[in-house]
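Chemist: I'm passing along work12.tsv; it holds TSV, C-alpha atoms.
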chain	number	residue	atom	x	y	z
N	1	MET	CA	-13.28	-15.97	-22.23
N	2	SER	CA	-9.75	-17.28	-21.91
N	3	PRO	CA	-8.60	-18.99	-18.72
N	4	SER	CA	-6.45	-16.96	-16.38
N	5	PRO	CA	-2.71	-17.54	-16.81
N	6	LYS	CA	-1.09	-19.80	-14.26
N	7	PRO	CA	1.75	-18.53	-12.09
N	8	HIS	CA	5.20	-19.14	-13.57
N	9	GLY	CA	6.18	-21.59	-10.81
N	10	LYS	CA	3.21	-23.92	-11.33
N	11	GLN	CA	2.77	-26.07	-14.41
N	12	ASP	CA	0.11	-28.43	-15.59
N	13	PRO	CA	0.83	-31.94	-14.21
N	14	VAL	CA	0.42	-33.43	-17.69
N	15	VAL	CA	3.15	-31.13	-19.03
N	16	SER	CA	5.48	-32.14	-16.19
N	17	LEU	CA	4.72	-35.82	-16.79
N	18	ALA	CA	5.48	-35.46	-20.50
N	19	ARG	CA	8.76	-33.66	-19.80
N	20	TYR	CA	10.02	-36.24	-17.30
N	21	SER	CA	8.94	-39.20	-19.41
N	22	GLU	CA	10.80	-37.69	-22.36
N	23	ILE	CA	13.95	-37.51	-20.22
N	24	GLY	CA	13.48	-41.20	-19.39
N	25	PHE	CA	13.14	-42.24	-23.03
N	26	ILE	CA	15.90	-40.13	-24.53
N	27	ILE	CA	18.85	-42.22	-23.31
N	28	PRO	CA	17.59	-45.66	-24.41
N	29	ALA	CA	16.45	-44.23	-27.75
N	30	ALA	CA	19.84	-42.61	-28.43
N	31	VAL	CA	21.74	-45.75	-27.40
N	32	LEU	CA	19.59	-48.00	-29.60
N	33	LEU	CA	19.83	-45.64	-32.54
N	34	GLY	CA	23.63	-45.50	-32.20
N	35	PHE	CA	23.79	-49.29	-31.92
N	36	PHE	CA	21.69	-49.90	-35.03
N	37	LEU	CA	23.53	-47.28	-37.06
N	38	GLY	CA	26.81	-48.91	-36.00
N	39	LYS	CA	25.49	-52.33	-37.03
N	40	LEU	CA	24.45	-50.89	-40.38
N	41	LEU	CA	27.92	-49.45	-40.90
N	42	ASP	CA	29.40	-52.83	-39.90
N	43	TYR	CA	27.31	-54.51	-42.55
N	44	TRP	CA	28.23	-51.99	-45.26
N	45	LEU	CA	31.94	-51.80	-44.44
N	46	HIS	CA	32.38	-55.49	-43.50
N	47	THR	CA	33.73	-54.75	-40.02
N	48	LYS	CA	32.80	-56.13	-36.62
N	49	TRP	CA	33.52	-53.27	-34.21
N	50	LEU	CA	31.68	-50.16	-35.42
N	51	TYR	CA	28.56	-51.11	-33.46
N	52	LEU	CA	30.57	-50.38	-30.29
N	53	VAL	CA	31.45	-46.91	-31.57
N	54	GLY	CA	27.80	-46.30	-32.39
N	55	LEU	CA	26.76	-47.57	-28.97
N	56	LEU	CA	29.18	-45.27	-27.16
N	57	PHE	CA	28.29	-42.33	-29.38
N	58	GLY	CA	24.57	-42.90	-28.71
N	59	ALA	CA	25.18	-43.04	-24.96
N	60	VAL	CA	27.16	-39.78	-24.99
N	61	VAL	CA	24.52	-38.04	-27.10
N	62	GLY	CA	21.72	-39.38	-24.89
N	63	PHE	CA	23.32	-38.20	-21.66
N	64	THR	CA	24.18	-34.83	-23.19
N	65	GLN	CA	20.60	-34.33	-24.31
N	66	MET	CA	19.27	-35.44	-20.93
N	67	ILE	CA	21.50	-32.92	-19.15
N	68	ARG	CA	20.40	-30.15	-21.51
N	69	MET	CA	16.75	-31.00	-20.93
N	70	ALA	CA	17.21	-31.14	-17.16
N	71	LEU	CA	18.94	-27.74	-17.15
N	72	ASP	CA	16.17	-26.33	-19.31
N	73	ALA	CA	13.55	-27.71	-16.93
N	74	SER	CA	15.29	-26.11	-13.96
N	75	GLY	CA	15.42	-22.77	-15.76
N	76	LYS	CA	19.21	-22.50	-15.96
N	77	ASP	CA	20.95	-21.51	-19.19
N	78	PRO	CA	23.41	-24.31	-20.13
N	79	ASP	CA	25.45	-21.94	-22.33
N	80	SER	CA	26.27	-19.47	-19.56
N	81	SER	CA	29.28	-20.16	-17.41
N	82	PRO	CA	29.88	-18.84	-13.90
N	83	ALA	CA	33.19	-17.28	-14.97
N	84	SER	CA	31.52	-15.10	-17.60
N	85	ASP	CA	28.87	-14.00	-15.10
N	86	SER	CA	31.45	-12.98	-12.50
N	87	SER	CA	33.52	-11.07	-15.05
N	88	SER	CA	30.50	-9.12	-16.24
N	89	THR	CA	29.58	-8.36	-12.62
N	90	ALA	CA	33.11	-7.18	-11.94
N	91	ALA	CA	33.02	-4.97	-15.01
N	92	SER	CA	29.72	-3.40	-13.98
N	93	ASN	CA	31.04	-2.83	-10.45
N	94	SER	CA	34.16	-1.06	-11.75
N	95	ASN	CA	31.99	1.13	-13.97
N	96	SER	CA	29.80	2.14	-11.03
N	97	LYS	CA	32.86	3.10	-8.95
N	98	ASP	CA	34.03	5.47	-11.66
N	99	GLU	CA	30.86	7.54	-11.44
Could you write out this file's structure as structure tokens?
Modeler:
Amino acid sequence: MSPSPKPHGKQDPVVSLARYSEIGFIIPAAVLLGFFLGKLLDYWLHTKWLYLVGLLFGAVVGFTQMIRMALDASGKDPDSSPASDSSSTAASNSNSKDE
């Protein structure tokens, strides 16, 4: 017999712990990966500044991914904008007035 499904609002504490620990690790991992890729490019191209580009790129990617994960955890769609929602609501309201 399968266990009864949990309500949508409640999650297993282990799942929540895994999600929040992943958010905590994503930024340092992205920054370190960008740094080491920049150092590798510095070595190959004989430059001394590409590690900074890699570091900044890793930080931007890490924060972007963290924001996407946080929005996903809160249940909001990061691709929808408030302007598109209000325009679709206005269009549906104008259609209902015509009837």
Chemist: Calculate how many Å separate CA of Glu22 (chain N) from CA of Gly34 (chain N), rounding to one decimal.
Modeler: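 Separation between CA of Glu22 (chain N) and CA of Gly34 (chain N): 18.0 Å.
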Chemist: Between CA of Thr47 (chain N) and CA of Val60 (chain N), measure the distance and give it in Å to one decimal.
Modeler: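 These atoms are spaced 22.2 Å apart.
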Chemist: What is the distance, in Å and to one decimal place, between CA of Ala59 (chain N) and CA of Val31 (chain N)?
Modeler: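 The value is 5.0 Å.
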Chemist: Can you work out which one of N:Ala30, N:Ser21, N:Pro13, N:Tyr43 has the shortest atom-to-atom distance to Gln65 (chain N), counting all atoms listed in the file?
Modeler: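 Comparing N:Ala30, N:Ser21, N:Pro13, N:Tyr43 against Gln65 (chain N), the winner is N:Ala30.
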Chemist: I'd like to know which of N:Ile27, N:Val61, N:Val14, N:Val53 is closest to Lys39 (chain N), using all atoms listed in the file.
Modeler: N:Val53
Chemist: Using only C-alpha atoms for the distances, tell me which of N:Tyr20, N:Tyr51, N:Phe57, N:Phe63 is nearest to Phe35 (chain N).
Modeler: N:Tyr51
Chemist: Which residue, N:Ala73, N:Phe25, N:Leu37, N:Leu52, has the smallest gap to Gln11 (chain N) when you use all atoms listed in the file?
Modeler: N:Ala73
